[in-house]
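Data from protein-v8.cif: mmCIF, C-alpha atoms
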```
data_my_file
#
loop_
_atom_site.group_PDB
_atom_site.id
_atom_site.type_symbol
_atom_site.label_atom_id
_atom_site.label_comp_id
_atom_site.auth_asym_id
_atom_site.auth_seq_id
_atom_site.Cartn_x
_atom_site.Cartn_y
_atom_site.Cartn_z
ATOM 1 C CA MET A 1 -107.293 1.660 52.525
ATOM 2 C CA PRO A 2 -105.297 -1.577 52.982
ATOM 3 C CA ASN A 3 -105.425 -3.417 56.320
ATOM 4 C CA LYS A 4 -102.844 -2.694 59.028
ATOM 5 C CA LYS A 5 -100.844 -5.866 58.370
ATOM 6 C CA SER A 6 -99.993 -4.899 54.800
ATOM 7 C CA SER A 7 -100.104 -1.117 55.198
ATOM 8 C CA TRP A 8 -96.328 -0.638 55.603
ATOM 9 C CA GLY A 9 -95.737 -2.456 52.305
ATOM 10 C CA TRP A 10 -98.494 -0.493 50.634
ATOM 11 C CA PHE A 11 -97.131 2.801 52.009
ATOM 12 C CA TRP A 12 -93.589 2.190 50.724
ATOM 13 C CA GLN A 13 -94.909 0.957 47.401
ATOM 14 C CA ALA A 14 -96.855 4.198 47.033
ATOM 15 C CA VAL A 15 -93.867 6.346 48.095
ATOM 16 C CA THR A 16 -91.399 4.586 45.765
ATOM 17 C CA GLY A 17 -94.035 4.633 43.007
ATOM 18 C CA ILE A 18 -94.393 8.408 43.209
ATOM 19 C CA LEU A 19 -90.575 8.787 43.295
ATOM 20 C CA LEU A 20 -90.321 6.512 40.264
ATOM 21 C CA ILE A 21 -92.586 8.713 38.177
ATOM 22 C CA LEU A 22 -89.863 11.370 38.426
ATOM 23 C CA LEU A 23 -86.860 9.030 38.264
ATOM 24 C CA VAL A 24 -88.160 6.867 35.386
ATOM 25 C CA GLY A 25 -89.048 10.075 33.554
ATOM 26 C CA LEU A 26 -85.475 11.327 33.959
ATOM 27 C CA HIS A 27 -84.013 7.932 32.987
ATOM 28 C CA MET A 28 -86.202 7.544 29.873
ATOM 29 C CA VAL A 29 -85.657 11.109 28.661
ATOM 30 C CA ALA A 30 -81.903 10.982 29.294
ATOM 31 C CA HIS A 31 -81.322 7.567 27.756
ATOM 32 C CA HIS A 32 -83.935 7.261 25.044
ATOM 33 C CA PHE A 33 -85.119 10.725 24.003
ATOM 34 C CA VAL A 34 -82.036 12.942 24.351
ATOM 35 C CA ALA A 35 -79.402 10.367 23.407
ATOM 36 C CA GLU A 36 -78.526 10.315 19.734
ATOM 37 C CA GLY A 37 -79.985 7.207 18.063
ATOM 38 C CA GLY A 38 -82.017 6.294 21.163
ATOM 39 C CA LEU A 39 -79.213 4.851 23.283
ATOM 40 C CA ARG A 40 -75.871 6.084 24.579
ATOM 41 C CA ASP A 41 -72.605 4.524 23.452
ATOM 42 C CA PHE A 42 -69.925 3.800 26.056
ATOM 43 C CA LYS A 43 -68.247 7.207 25.843
ATOM 44 C CA GLN A 44 -71.617 8.943 26.197
ATOM 45 C CA VAL A 45 -72.494 6.764 29.212
ATOM 46 C CA ILE A 46 -69.252 7.784 30.941
ATOM 47 C CA GLU A 47 -69.905 11.446 30.125
ATOM 48 C CA TYR A 48 -73.462 11.159 31.448
ATOM 49 C CA LEU A 49 -72.283 9.542 34.690
ATOM 50 C CA SER A 50 -69.558 12.157 35.185
ATOM 51 C CA ASN A 51 -72.135 14.365 36.903
ATOM 52 C CA PRO A 52 -72.422 13.429 40.633
ATOM 53 C CA VAL A 53 -76.085 14.510 40.677
ATOM 54 C CA ILE A 54 -76.817 12.010 37.898
ATOM 55 C CA ILE A 55 -75.049 9.223 39.819
ATOM 56 C CA VAL A 56 -77.174 9.963 42.901
ATOM 57 C CA ALA A 57 -80.338 10.065 40.744
ATOM 58 C CA GLU A 58 -79.495 6.767 39.012
ATOM 59 C CA LEU A 59 -78.710 5.023 42.320
ATOM 60 C CA ALA A 60 -81.930 6.424 43.843
ATOM 61 C CA PHE A 61 -83.704 5.055 40.764
ATOM 62 C CA LEU A 62 -82.088 1.641 41.292
ATOM 63 C CA ILE A 63 -83.129 1.482 44.964
ATOM 64 C CA SER A 64 -86.655 2.812 44.341
ATOM 65 C CA VAL A 65 -87.370 0.511 41.404
ATOM 66 C CA THR A 66 -86.041 -2.530 43.283
ATOM 67 C CA VAL A 67 -88.071 -1.828 46.439
ATOM 68 C CA HIS A 68 -91.157 -1.111 44.317
ATOM 69 C CA ALA A 69 -90.684 -4.272 42.239
ATOM 70 C CA MET A 70 -90.100 -6.529 45.258
ATOM 71 C CA LEU A 71 -93.137 -5.178 47.117
ATOM 72 C CA GLY A 72 -95.211 -5.544 43.949
ATOM 73 C CA MET A 73 -94.116 -9.124 43.304
ATOM 74 C CA ARG A 74 -94.763 -9.939 46.959
ATOM 75 C CA SER A 75 -98.255 -8.516 46.658
ATOM 76 C CA ILE A 76 -98.957 -10.515 43.467
ATOM 77 C CA LEU A 77 -97.652 -13.715 45.090
ATOM 78 C CA PHE A 78 -99.803 -13.078 48.170
ATOM 79 C CA ASP A 79 -102.753 -13.015 45.762
ATOM 80 C CA LEU A 80 -102.141 -16.735 45.228
ATOM 81 C CA GLY A 81 -103.622 -17.313 48.686
ATOM 82 C CA LEU A 82 -100.434 -18.532 50.379
ATOM 83 C CA SER A 83 -100.210 -19.859 53.909
ATOM 84 C CA ALA A 84 -98.706 -17.623 56.612
ATOM 85 C CA ARG A 85 -95.498 -19.682 56.425
ATOM 86 C CA MET A 86 -95.203 -19.207 52.660
ATOM 87 C CA GLU A 87 -95.992 -15.507 53.005
ATOM 88 C CA ARG A 88 -93.071 -15.165 55.437
ATOM 89 C CA PHE A 89 -90.834 -17.044 53.014
ATOM 90 C CA VAL A 90 -91.897 -14.780 50.116
ATOM 91 C CA THR A 91 -91.185 -11.684 52.230
ATOM 92 C CA GLN A 92 -87.717 -12.967 53.185
ATOM 93 C CA ALA A 93 -86.942 -14.021 49.605
ATOM 94 C CA SER A 94 -88.002 -10.560 48.362
ATOM 95 C CA ILE A 95 -85.586 -8.921 50.793
ATOM 96 C CA VAL A 96 -82.712 -11.189 49.675
ATOM 97 C CA VAL A 97 -83.407 -10.789 45.926
ATOM 98 C CA GLY A 98 -83.915 -7.034 46.315
ATOM 99 C CA GLY A 99 -80.711 -6.684 48.334
ATOM 100 C CA LEU A 100 -78.703 -8.639 45.757
ATOM 101 C CA THR A 101 -80.205 -6.540 42.955
ATOM 102 C CA VAL A 102 -79.178 -3.278 44.627
ATOM 103 C CA LEU A 103 -75.690 -4.640 45.382
ATOM 104 C CA TYR A 104 -75.312 -5.691 41.734
ATOM 105 C CA GLY A 105 -76.429 -2.226 40.578
ATOM 106 C CA PHE A 106 -73.892 -0.519 42.846
ATOM 107 C CA TRP A 107 -71.128 -2.869 41.681
ATOM 108 C CA LEU A 108 -72.047 -2.222 38.044
ATOM 109 C CA THR A 109 -72.058 1.564 38.534
ATOM 110 C CA TYR A 110 -68.697 1.397 40.306
ATOM 111 C CA THR A 111 -67.210 -0.803 37.571
ATOM 112 C CA ILE A 112 -68.433 1.485 34.775
ATOM 113 C CA LEU A 113 -67.156 4.599 36.545
ATOM 114 C CA ALA A 114 -63.805 2.951 37.271
ATOM 115 C CA GLN A 115 -63.298 2.727 33.506
ATOM 116 C CA GLY A 116 -63.938 6.455 33.114
ATOM 117 C CA SER A 117 -61.181 9.006 33.430
ATOM 118 C CA ALA A 118 -60.877 12.475 34.947
ATOM 119 C CA PRO A 119 -64.584 13.339 35.356
ATOM 120 C CA THR A 120 -65.060 10.527 37.905
ATOM 121 C CA ALA A 121 -61.719 10.898 39.639
ATOM 122 C CA PHE A 122 -63.468 12.315 42.703
ATOM 123 C CA LEU A 123 -64.869 8.819 43.355
ATOM 124 C CA PHE A 124 -61.525 7.063 43.036
ATOM 125 C CA PRO A 125 -58.868 9.182 44.737
ATOM 126 C CA MET B 18 -97.137 -29.059 53.574
ATOM 127 C CA ASN B 19 -100.314 -27.132 52.953
ATOM 128 C CA LEU B 20 -99.238 -24.080 50.984
ATOM 129 C CA TYR B 21 -102.707 -22.709 50.517
ATOM 130 C CA ARG B 22 -105.334 -21.647 52.968
ATOM 131 C CA PRO B 23 -108.440 -23.845 52.514
ATOM 132 C CA GLU B 24 -110.728 -20.843 52.129
ATOM 133 C CA LEU B 25 -108.474 -19.534 49.350
ATOM 134 C CA SER B 26 -107.910 -22.805 47.567
ATOM 135 C CA ARG B 27 -109.049 -21.279 44.289
ATOM 136 C CA PHE B 28 -106.323 -18.895 43.207
ATOM 137 C CA ARG B 29 -107.516 -15.353 43.440
ATOM 138 C CA PHE B 30 -105.418 -14.333 40.452
ATOM 139 C CA LEU B 31 -107.624 -16.491 38.214
ATOM 140 C CA ARG B 32 -110.144 -13.658 38.477
ATOM 141 C CA TRP B 33 -107.806 -11.685 36.194
ATOM 142 C CA PHE B 34 -108.802 -13.940 33.330
ATOM 143 C CA ASP B 35 -112.542 -14.038 34.062
ATOM 144 C CA PHE B 36 -113.868 -11.529 31.534
ATOM 145 C CA ARG B 37 -117.271 -11.516 33.306
ATOM 146 C CA THR B 38 -115.631 -9.502 36.113
ATOM 147 C CA TRP B 39 -114.000 -7.033 33.747
ATOM 148 C CA ARG B 40 -115.673 -3.866 34.947
ATOM 149 C CA LEU B 41 -113.589 -0.688 34.724
ATOM 150 C CA GLY B 42 -112.142 -1.178 38.227
ATOM 151 C CA MET B 43 -111.146 -4.777 37.523
ATOM 152 C CA LEU B 44 -109.672 -3.779 34.162
ATOM 153 C CA ALA B 45 -107.529 -1.155 35.928
ATOM 154 C CA TYR B 46 -106.438 -3.776 38.472
ATOM 155 C CA ILE B 47 -105.549 -6.326 35.776
ATOM 156 C CA LEU B 48 -103.669 -3.714 33.721
ATOM 157 C CA ASN B 49 -101.669 -2.750 36.800
ATOM 158 C CA ARG B 50 -100.691 -6.343 37.562
ATOM 159 C CA VAL B 51 -99.933 -7.410 33.987
ATOM 160 C CA THR B 52 -97.794 -4.321 33.299
ATOM 161 C CA ALA B 53 -96.068 -4.866 36.679
ATOM 162 C CA LEU B 54 -95.038 -8.400 35.691
ATOM 163 C CA GLY B 55 -93.815 -7.187 32.306
ATOM 164 C CA LEU B 56 -91.817 -4.341 33.841
ATOM 165 C CA VAL B 57 -90.169 -6.595 36.450
ATOM 166 C CA LEU B 58 -89.185 -9.009 33.668
ATOM 167 C CA TYR B 59 -87.794 -6.071 31.668
ATOM 168 C CA LEU B 60 -85.904 -4.746 34.735
ATOM 169 C CA TYR B 61 -83.937 -7.953 35.150
ATOM 170 C CA ILE B 62 -83.285 -8.366 31.404
ATOM 171 C CA HIS B 63 -82.086 -4.741 31.411
ATOM 172 C CA LEU B 64 -79.742 -5.347 34.363
ATOM 173 C CA VAL B 65 -78.271 -8.449 32.717
ATOM 174 C CA VAL B 66 -77.760 -6.575 29.424
ATOM 175 C CA LEU B 67 -76.070 -3.695 31.257
ATOM 176 C CA THR B 68 -73.378 -6.133 32.400
ATOM 177 C CA MET B 69 -71.870 -5.552 28.946
ATOM 178 C CA LEU B 70 -71.049 -2.003 30.076
ATOM 179 C CA ALA B 71 -68.735 -3.477 32.711
ATOM 180 C CA ALA B 72 -66.715 -5.051 29.888
ATOM 181 C CA GLY B 73 -66.116 -1.651 28.284
ATOM 182 C CA PRO B 74 -66.720 -0.123 24.845
ATOM 183 C CA LYS B 75 -65.587 -3.214 22.914
ATOM 184 C CA SER B 76 -68.556 -5.070 24.327
ATOM 185 C CA TRP B 77 -71.119 -2.265 24.649
ATOM 186 C CA ASP B 78 -70.775 -0.248 21.444
ATOM 187 C CA PRO B 79 -71.505 -3.093 18.961
ATOM 188 C CA PHE B 80 -74.590 -3.907 21.055
ATOM 189 C CA VAL B 81 -75.760 -0.268 20.882
ATOM 190 C CA ALA B 82 -75.514 -0.420 17.091
ATOM 191 C CA ILE B 83 -77.863 -3.418 17.113
ATOM 192 C CA VAL B 84 -80.467 -1.953 19.482
ATOM 193 C CA ARG B 85 -80.702 1.239 17.449
ATOM 194 C CA SER B 86 -82.513 -0.851 14.815
ATOM 195 C CA PRO B 87 -86.291 -0.317 14.246
ATOM 196 C CA PHE B 88 -87.165 -3.669 15.867
ATOM 197 C CA PHE B 89 -85.541 -2.708 19.175
ATOM 198 C CA LEU B 90 -86.952 0.821 18.955
ATOM 199 C CA ALA B 91 -90.407 -0.806 18.687
ATOM 200 C CA LEU B 92 -89.623 -2.695 21.901
ATOM 201 C CA ASP B 93 -88.789 0.676 23.476
ATOM 202 C CA VAL B 94 -92.268 1.878 22.504
ATOM 203 C CA ILE B 95 -93.800 -1.206 24.205
ATOM 204 C CA LEU B 96 -91.701 -0.434 27.291
ATOM 205 C CA LEU B 97 -92.929 3.167 27.244
ATOM 206 C CA ALA B 98 -96.540 1.916 26.987
ATOM 207 C CA GLY B 99 -96.026 -0.320 30.034
ATOM 208 C CA LEU B 100 -94.408 2.501 32.006
ATOM 209 C CA LEU B 101 -97.163 4.991 31.161
ATOM 210 C CA ILE B 102 -100.032 2.594 31.922
ATOM 211 C CA HIS B 103 -98.464 1.281 35.140
ATOM 212 C CA GLY B 104 -97.186 4.671 36.309
ATOM 213 C CA LEU B 105 -100.349 6.664 35.722
ATOM 214 C CA ASN B 106 -102.677 3.896 36.927
ATOM 215 C CA GLY B 107 -100.428 3.461 39.968
ATOM 216 C CA LEU B 108 -100.624 7.194 40.650
ATOM 217 C CA ARG B 109 -104.432 6.870 40.727
ATOM 218 C CA VAL B 110 -104.168 3.903 43.128
ATOM 219 C CA ALA B 111 -101.828 5.868 45.417
ATOM 220 C CA LEU B 112 -104.069 8.954 45.355
ATOM 221 C CA THR B 113 -107.210 6.987 46.170
ATOM 222 C CA GLY B 114 -105.295 5.017 48.832
ATOM 223 C CA PHE B 115 -104.447 8.306 50.531
ATOM 224 C CA GLY B 116 -108.120 9.311 50.267
ATOM 225 C CA CYS B 117 -107.773 11.735 47.331
ATOM 226 C CA GLY B 118 -110.325 11.592 44.523
ATOM 227 C CA VAL B 119 -111.932 8.332 45.667
ATOM 228 C CA ARG B 120 -115.319 9.224 44.153
ATOM 229 C CA ALA B 121 -113.732 10.349 40.890
ATOM 230 C CA GLN B 122 -111.443 7.364 40.426
ATOM 231 C CA LYS B 123 -113.248 5.949 37.384
ATOM 232 C CA PRO B 124 -113.217 9.185 35.361
ATOM 233 C CA LEU B 125 -109.675 9.735 36.657
ATOM 234 C CA PHE B 126 -108.649 6.335 35.294
ATOM 235 C CA VAL B 127 -110.171 7.110 31.899
ATOM 236 C CA ALA B 128 -108.527 10.553 31.801
ATOM 237 C CA LEU B 129 -105.117 9.153 32.791
ATOM 238 C CA MET B 130 -105.312 6.399 30.175
ATOM 239 C CA LEU B 131 -106.206 8.974 27.513
ATOM 240 C CA PHE B 132 -103.205 11.006 28.637
ATOM 241 C CA ALA B 133 -101.086 7.829 28.476
ATOM 242 C CA ALA B 134 -102.239 7.195 24.904
ATOM 243 C CA ILE B 135 -101.327 10.738 23.819
ATOM 244 C CA ALA B 136 -97.959 10.605 25.617
ATOM 245 C CA LEU B 137 -97.264 7.219 24.041
ATOM 246 C CA LEU B 138 -97.969 8.572 20.569
ATOM 247 C CA ILE B 139 -95.637 11.540 21.120
ATOM 248 C CA GLY B 140 -93.010 9.274 22.705
ATOM 249 C CA ALA B 141 -93.177 6.769 19.856
ATOM 250 C CA ILE B 142 -92.669 9.521 17.284
ATOM 251 C CA LYS B 143 -89.747 10.867 19.338
ATOM 252 C CA ILE B 144 -88.177 7.391 19.687
ATOM 253 C CA PHE B 145 -88.340 6.699 15.940
ATOM 254 C CA THR B 146 -87.368 10.171 14.750
ATOM 255 C CA GLY B 147 -85.073 11.318 17.584
#
```
Go through the file and emit its structure as structure tokens.
Amino acid sequence: MPNKKSSWGWFWQAVTGILLILLVGLHMVAHHFVAEGGLRDFKQVIEYLSNPVIIVAELAFLISVTVHAMLGMRSILFDLGLSARMERFVTQASIVVGGLTVLYGFWLTYTILAQGSAPTAFLFP
Amino acid sequence: MNLYRPELSRFRFLRWFDFRTWRLGMLAYILNRVTALGLVLYLYIHLVVLTMLAAGPKSWDPFVAIVRSPFFLALDVILLAGLLIHGLNGLRVALTGFGCGVRAQKPLFVALMLFAAIALLIGAIKIFTG
């Protein structure tokens, strides 16, 4: 079991990791196995995102994968044997990069949906 | 500024490349880290590429036609391999971290990697024929 200092990071990495097994599975099947030709064209993307449950699942995927990736990169960087000061900097940088990544993902989802029509009207009254 | 603790002046990650330490546990650890780096790189490439969706079908649809080619489908298979190895190995790490199957973690690793290989084969066939 990890020490107390890093246990919160380890715990959330494990939780998001388990969530990701389900969410990556859904994402891969929906986008690469079910989609004709292995990838959805624009119209198919809009149709796929017309389901509110799918939007929630994709945004949960975005948040989980970002948190998991930032905690993982932080852990790998800590393996370089950084000083306490550098470890604090890496933690803060991970939070900033992760936050920007999630914001970008939300903006992108909003922008794609804004180009859709009736199925997504509930988001843009 | 001293960025490195004196007692850790030799980078711990260099152990990844020391084949003398490549027991099964170390191999699992290295696989987890290497696939993690690859998947993070892929994540950000993927997010940048998805920006084309914001520009609408005129930008996205010609790109889709390109990535449906066998070369890009092969890259999808590599992605699937990374996801399966990292996901299943990570599941083992999480289970043992919570105290489940600690004594069986080596056979569990072997079993999960065999499962990953079978799933990868099925997934690759599906990607190329689907």
>> Suppose a student applies the PyMOL selection byres ((chain A and resi 14) around 12) to this structure; what residues should they get, written as a PyMOL selection string?
In response: (chain A and resi 2+7-13+15-21+64-65+67-69+71-72) or (chain B and resi 104+106-115)
>> the PyMOL selection byres ((chain B and resi 45-57) around 7) - which residues does that actually catch in the file I just gave you? List them as a PyMOL selection string.
In response: (chain A and resi 69) or (chain B and resi 33+41-44+58-61+99+103+106)
>> Counting all atoms listed in the file, a student should be able to say which residues of chain A come within 6 Å of chain B; what is the right answer, written as a VMD selection string?
In response: chain A and resid 1 14 41 to 42 79 to 83 111 to 112
Excluding Leu23 of chain A and any residue of its chain fewer than 4 positions from it, enumerate the residues within 8 Å of it, using all atoms listed in the file, and give them as a CSV table (one decimal) with C-alpha atoms, in the coordinates of the input.
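Written output follows (selection_4.csv):
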```
chain,number,residue,atom,x,y,z
A,19,LEU,CA,-90.6,8.8,43.3
A,27,HIS,CA,-84.0,7.9,33.0
A,57,ALA,CA,-80.3,10.1,40.7
A,58,GLU,CA,-79.5,6.8,39.0
A,60,ALA,CA,-81.9,6.4,43.8
A,61,PHE,CA,-83.7,5.1,40.8
```
>> Can you measure atom CA of Leu96 of chain B to atom CA of Met28 of chain A for me? One decimal in Å is fine.
In response: 10.0 Å
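From atom CA of Phe132 of chain B back to atom CA of Gly118 of chain B, the distance works out to 17.4 Å.
With the shown file loaded, the PyMOL selection byres ((chain A and resi 102) around 10) picks out Leu59, Leu62, Ile63, Ser64, Val65, Thr66, Val67, Val97, Gly98, Gly99, Leu100, Thr101, Leu103, Tyr104, Gly105, Phe106, Trp107 and Leu108 of chain A.
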May I have the residues from that selection written out with C-alpha atoms, as a CSV table (one decimal), keeping the file's coordinate frame?
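Once everything was written out, this is again.csv:
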```csv
chain,number,residue,atom,x,y,z
A,59,LEU,CA,-78.7,5.0,42.3
A,62,LEU,CA,-82.1,1.6,41.3
A,63,ILE,CA,-83.1,1.5,45.0
A,64,SER,CA,-86.7,2.8,44.3
A,65,VAL,CA,-87.4,0.5,41.4
A,66,THR,CA,-86.0,-2.5,43.3
A,67,VAL,CA,-88.1,-1.8,46.4
A,97,VAL,CA,-83.4,-10.8,45.9
A,98,GLY,CA,-83.9,-7.0,46.3
A,99,GLY,CA,-80.7,-6.7,48.3
A,100,LEU,CA,-78.7,-8.6,45.8
A,101,THR,CA,-80.2,-6.5,43.0
A,103,LEU,CA,-75.7,-4.6,45.4
A,104,TYR,CA,-75.3,-5.7,41.7
A,105,GLY,CA,-76.4,-2.2,40.6
A,106,PHE,CA,-73.9,-0.5,42.8
A,107,TRP,CA,-71.1,-2.9,41.7
A,108,LEU,CA,-72.0,-2.2,38.0
```
> In Å, with one decimal, what is the gap from atom CA of Ala98 of chain B to atom CA of Ile95 of chain A?
Replying inline: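 Between atom CA of Ala98 of chain B and atom CA of Ile95 of chain A the gap is 28.4 Å.
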